[in-house]
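> This is the structure, below, for whatever I ask next.
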Amino acid sequence: MTTSVNRRGLAGALAGLVIAEVTFAVVYALSVGWGWGELVDNFVVTNGLMGLTFGLCGAVIAWHRPANPIGWLFLADGIGHATTPFAEALAYLVDGELAQRVLVTVSVAAWPWSIGLFLPLALLLFPDGRLLSPRWRWAAIGIIATAPLFVLEMAGSSEPVSPDLPLGLLTLPDFDALQPLWTATEVRNLVAILLALICLAIRYRRADETGRRQLLWLLLASVIALLFITPWSFVAGTPILVLLAIPLIPIAVAVAIVRHQLLDIRLVVSRALTWALLSLVAIGSYAALVALLDSLIASQVGRSAAVTVFVALIIAPVLPRLQQLVDRALYGDRHDPARVASRVGEQLSAGLPGVVAAIRSALRLPYAALIVDGRVIADGSAASSVVPLELSYGGEVVGTLEVGVRSGESGLSSADRSVLGLVAVPLAVAVHATRLSAELQSSREKLVSAREEERRRLRRDLHDGLGPTLTGVAFTADAAANLITTDKALSADASRAVELLARLRSDTRSAIADVRRLVDDLRPPALDELGLLGALQQRADQMSIRADGTAIRVVVSASGLPTLPAALEVAAYRIATEALTNVVRHARATSAVLTLRCGSELEIEITDDGPPTDTWRPGVGLQAMQERAAELGGTFQAGPTPAGGQVQARFPLPQPTNSPPTANDSPAPADAPAPAPVRQPADASLEVR
């Protein structure tokens with residue numbers, strides 16, 4: 001806490017120093033009768049304004065973010081600019097050539113540090129005070145190491161600051177002979193700023209919504225300042241006042257770091273880019289028309305008037321189009337609802353997540369989310385302010401669309417609401433269709449599960465009830481026939497009875513065979529006899545030898561399988577056995593692995609080491625496996641891989657229900673059939689070969 005207070009006190013003191021230096025220089029200049037032209041020509045206006053903006057903005061940043069070095073770099077920048085007019089004014093007041101030369105040297109050597117060192121470094125460190133990555137350390141080192149060249153160029157010039165003041169102590173006698181070095185120094189300054197802008201652009205691509213809003217402030221100010229500074233560095237006769245664009249940078253940085261949420265920077269950028277593009281069009285049109293009309297119109301006045309009229313006629317229809325292009329880049333297609341609806345419609349077939357992303361992208365919103373039956377489908381980073389919009393279909397609310405409000409806006413604009421209102425209609429239809437599809441799939445899964453459970457019950461009843469009864473009838477018929485045939489002298493009636501018993505015995509055995517066939521068709525018998533893992537291992541053993549006599553090694557591996565519903569058990573068995581059958585018949589593999597995993601879902605995977613092939617052509621087997629997976633809401637994938645073939649199916653597991661018994665629950669009767677035994681405990685683990 002004490003350190004923070006000390007830093008704030010230092011920031012305030014340095015800001016006071018900047019104000020005092022600028023005030024002293026201005027008061028002296030006015031006291032000796034300098035006019036506006038002299039104030040501009042002697043850089044009192046430019047350096048004074050830059051000193052105040054950098055110093056005060058740096059003090060604000062250092063006050064609110066004392067740990068951020070950008071504030072202190074700006075304070076140093078402000079002191080450098082403020083010291084230049086201060087030292088020059090003081091040089092007029094002191095006596096003695098040596099003292100004047102020292103002050104002149106300080107005056108001409110103070111501000112180059114601001115432009116050549118402090119400003120580029122601050123841009124490299126924006127906004128958090130850290131470099132983008134360790135690789136950018138070399139850029140910072142290069143800027144620091146080459147900064148003295150710019151100072152030497154400014155301080156070594158043989159041109160006097162004023163006819164009434166002597167040259168500085170660092171004046172170089174062969175200054176003009178080193179002109180290539182000074183040109184390289186100017187290029188170095190431009191490269192330093194360009195490196196900083198590249199760094200800012202990379203940060204913008206990687207930043208989240210908040211970071212991008214911060215960076216937009218500085219990018220806008222930096223680009224404008226660069227457009228003004230470049231001609232001043234390389235084109236002789238450029239007005240000095242173009243340097244007044246530089247104070248935009250500290251102002252933008254201070255706003256971005258301390259109060260970037262006060263104003264929607266995208267609105268500012270939209271208007272600024274519009275007028276910048278318009279200015280370029282105007283300047284280009286003026287230059288082209290001047291060149292064209294130069295040989296046609298002799299009178300200077302007439303030529304200028306004609307050019308002005310032509311430029312005005314050209315610019316008038318251009319401004320709305322430019323504004324539209326810039327708004328689209330920053331606000332998306334909110335002024336073109338049909339385009340937004342078209343983009344959303346293209347994503348309807350891809351699912352609701354694609355629709356939400358399309359809405360956010362089309363309107364350049366920071367956040368968009370669709371809430372349906374408690375499920376949230378979101379895109380973008382959560383915004384500080386969210387506006388909910390109900391989606392209705394047939395008078396029923398089927399969901400809610402939440403959109404984040406852009407920074408600097410208190411709510412959605414009328415254009416945004418108009419577009420969202422148009423999009424809400426097809427979106428509500430899509431949500432309703434998705435709900436119907438989910439309900440249909442749920443009903444389908446319930447029907448399949450009920451069917452398999454009923455089949456398991458019928459199989460048990462036939463196997464344990466009707467089968468033994470018919471077997472008993474057959475045995476009784478055999479016993480009756482045996483008793484009759486013990487008497488060697490049979491009457492005609494007795495012989496007829498023996499024939500009837502033999503027919504009864506034959507019919508009974510046929511009925512028993514039919515019952516067994518029905519039992520086997522209802523459900524694979526191995527599942528009830530051996531359990532899922534045992535049945536799969538039995539099937540794997542049966543497939544270990546191909547029809548041509550070659551062997552194939554089949555590994556069955558599973559862990560953590562709980563007791564599965566009948567439908568899921570049958571689907572897993574059928575898919576696994578069909579996949580293994582395909583491996584044995586079609587893949588030239590030497591081994592195959594069948595793996596069952598159970599976590600939040602049941603996963604079945606069959607892989608083989610056969611040679612890579614082209615895309616598999618769908619056949620009856622693949623189609624049957626895919627249909628079995630779809631029946632229970634699962635997913636199915638099959639195809640070649642670089643290591644061989646792969647078949648993979650995933651099934652959602654039913655949520656366990658631990659409902660307490662109710663008064664209506666009654667114990668099972670004594671003669672009720674026993675429930676099917678639990679074949680795989682929850683911690684079952686098996687790996688056999």
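Quick note on naming: the chains in the structure tokens go A, B, ... in the order shown, residues restart at 1 in each chain, and ligands are numbered from 1 in order of appearance.
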Residues within 9 Å of Val258 (chain A), please, as a list in words. Count only C-alpha atoms; anything in the same chain fewer than 4 positions from it doesn't count.

Val60, Ile61, His64, Arg65, Val253 and Ala254 of chain A

> Would you mind exporting N, CA and C atoms of the selected residues as an mmCIF file, in the first residue's frame?


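Generated file (selection-v9.cif):
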```
data_model
loop_
_atom_site.group_PDB
_atom_site.id
_atom_site.type_symbol
_atom_site.label_atom_id
_atom_site.label_comp_id
_atom_site.auth_asym_id
_atom_site.auth_seq_id
_atom_site.Cartn_x
_atom_site.Cartn_y
_atom_site.Cartn_z
ATOM 1 N N VAL A 60 -1.945 9.794 -15.444
ATOM 2 C CA VAL A 60 -3.231 9.122 -15.203
ATOM 3 C C VAL A 60 -3.041 7.609 -15.183
ATOM 4 N N ILE A 61 -2.281 7.088 -16.154
ATOM 5 C CA ILE A 61 -2.050 5.639 -16.203
ATOM 6 C C ILE A 61 -1.257 5.189 -14.980
ATOM 7 N N HIS A 64 -3.515 5.140 -11.820
ATOM 8 C CA HIS A 64 -4.480 4.042 -11.736
ATOM 9 C C HIS A 64 -3.823 2.674 -11.888
ATOM 10 N N ARG A 65 -2.739 2.588 -12.651
ATOM 11 C CA ARG A 65 -2.049 1.315 -12.871
ATOM 12 C C ARG A 65 -0.561 1.522 -12.601
ATOM 13 N N VAL A 253 -4.226 5.621 -25.576
ATOM 14 C CA VAL A 253 -3.691 4.619 -24.643
ATOM 15 C C VAL A 253 -4.297 4.800 -23.261
ATOM 16 N N ALA A 254 -4.392 6.034 -22.795
ATOM 17 C CA ALA A 254 -4.964 6.279 -21.468
ATOM 18 C C ALA A 254 -6.413 5.824 -21.405
#
```

> What lies within 6 Å of Gln648 (chain A) using only C-alpha atoms, ignoring chain neighbours under 6 positions off, as a list of chain:residue names?

A:Ile604, A:Glu605, A:Phe636, A:Gln637

> Create the file for the chosen residues now, containing N, CA and C atoms and written as a PDB file, in the first residue's frame.


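Written output follows (result_8.pdb):
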```pdb
ATOM      1  N   ILE A 604     -17.936 -48.848 -28.042  1.00  0.00           N
ATOM      2  CA  ILE A 604     -17.543 -50.128 -28.622  1.00  0.00           C
ATOM      3  C   ILE A 604     -16.614 -49.822 -29.786  1.00  0.00           C
ATOM      4  N   GLU A 605     -15.430 -50.425 -29.755  1.00  0.00           N
ATOM      5  CA  GLU A 605     -14.440 -50.151 -30.790  1.00  0.00           C
ATOM      6  C   GLU A 605     -13.835 -51.461 -31.269  1.00  0.00           C
ATOM      7  N   PHE A 636     -22.288 -43.786 -34.835  1.00  0.00           N
ATOM      8  CA  PHE A 636     -21.565 -44.900 -35.450  1.00  0.00           C
ATOM      9  C   PHE A 636     -20.609 -44.350 -36.493  1.00  0.00           C
ATOM     10  N   GLN A 637     -19.383 -44.859 -36.477  1.00  0.00           N
ATOM     11  CA  GLN A 637     -18.376 -44.469 -37.454  1.00  0.00           C
ATOM     12  C   GLN A 637     -17.617 -45.717 -37.861  1.00  0.00           C
TER      13      GLN A 637
END
```

> One number please: CA of Gly116 (chain A) to CA of Ala147 (chain A), in Å, one decimal.

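About the pair CA of Gly116 (chain A) and CA of Ala147 (chain A): they are 5.4 Å apart.
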
> Just the residues within 6 Å of region 212-224 of chain A, please, counting only C-alpha atoms, with nothing from its chain fewer than 5 positions along; format it as an MDAnalysis selection string.

chainID A and resid 204 207 248:249 252:253 256 260

> What gap, in Å, lies between CA of Gly645 (chain A) and CA of Cys598 (chain A)?

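Result for CA of Gly645 (chain A) versus CA of Cys598 (chain A): 21.9 Å, one decimal.
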
> Tell me which protein, DNA and RNA residues are within 12 Å of Asn47 (chain A), counting only C-alpha atoms, leaving out same-chain ones fewer than 2 positions away, and put them as number ranges by chain.

A: 18, 21-23, 25-26, 39-45, 49-55, 77-88, 107-108, 110-112, 114-115, 240-241, 243-247

> If we count only C-alpha atoms, what is near Gln179 (chain A) at a cut-off of 12 Å, once residues fewer than 6 positions away on the same chain are taken out, given as a count of residues only?

6

> Could you pull the residues within 7 Å of Pro69 (chain A), counting only C-alpha atoms, minus those fewer than 3 positions along the same chain, as a list in words?

Trp72, Leu73 and Gly129 of chain A

> With N, CA and C atoms retained, could you export that selection as an mmCIF file, in the first residue's frame?


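Output below, filename out_28.cif:
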```
data_model
loop_
_atom_site.group_PDB
_atom_site.id
_atom_site.type_symbol
_atom_site.label_atom_id
_atom_site.label_comp_id
_atom_site.auth_asym_id
_atom_site.auth_seq_id
_atom_site.Cartn_x
_atom_site.Cartn_y
_atom_site.Cartn_z
ATOM 1 N N TRP A 72 4.802 5.183 -16.922
ATOM 2 C CA TRP A 72 6.099 5.813 -16.632
ATOM 3 C C TRP A 72 6.842 6.151 -17.923
ATOM 4 N N LEU A 73 6.698 5.317 -18.960
ATOM 5 C CA LEU A 73 7.303 5.656 -20.254
ATOM 6 C C LEU A 73 6.680 6.919 -20.827
ATOM 7 N N GLY A 129 1.739 -4.042 -20.290
ATOM 8 C CA GLY A 129 3.090 -3.756 -19.835
ATOM 9 C C GLY A 129 4.071 -4.885 -20.068
#
```

> Could you state the separation of CA of Trp616 (chain A) and CA of Ala589 (chain A) in Å, given to one decimal place?

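Result for CA of Trp616 (chain A) versus CA of Ala589 (chain A): 15.6 Å, one decimal.
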
> From the list A:Ala13, A:Ala91, A:Val187, A:Ala109, which residue is nearest Leu75 (chain A) when using only C-alpha atoms?

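Ranked by minimum distance to Leu75 (chain A), first place goes to A:Ala13.
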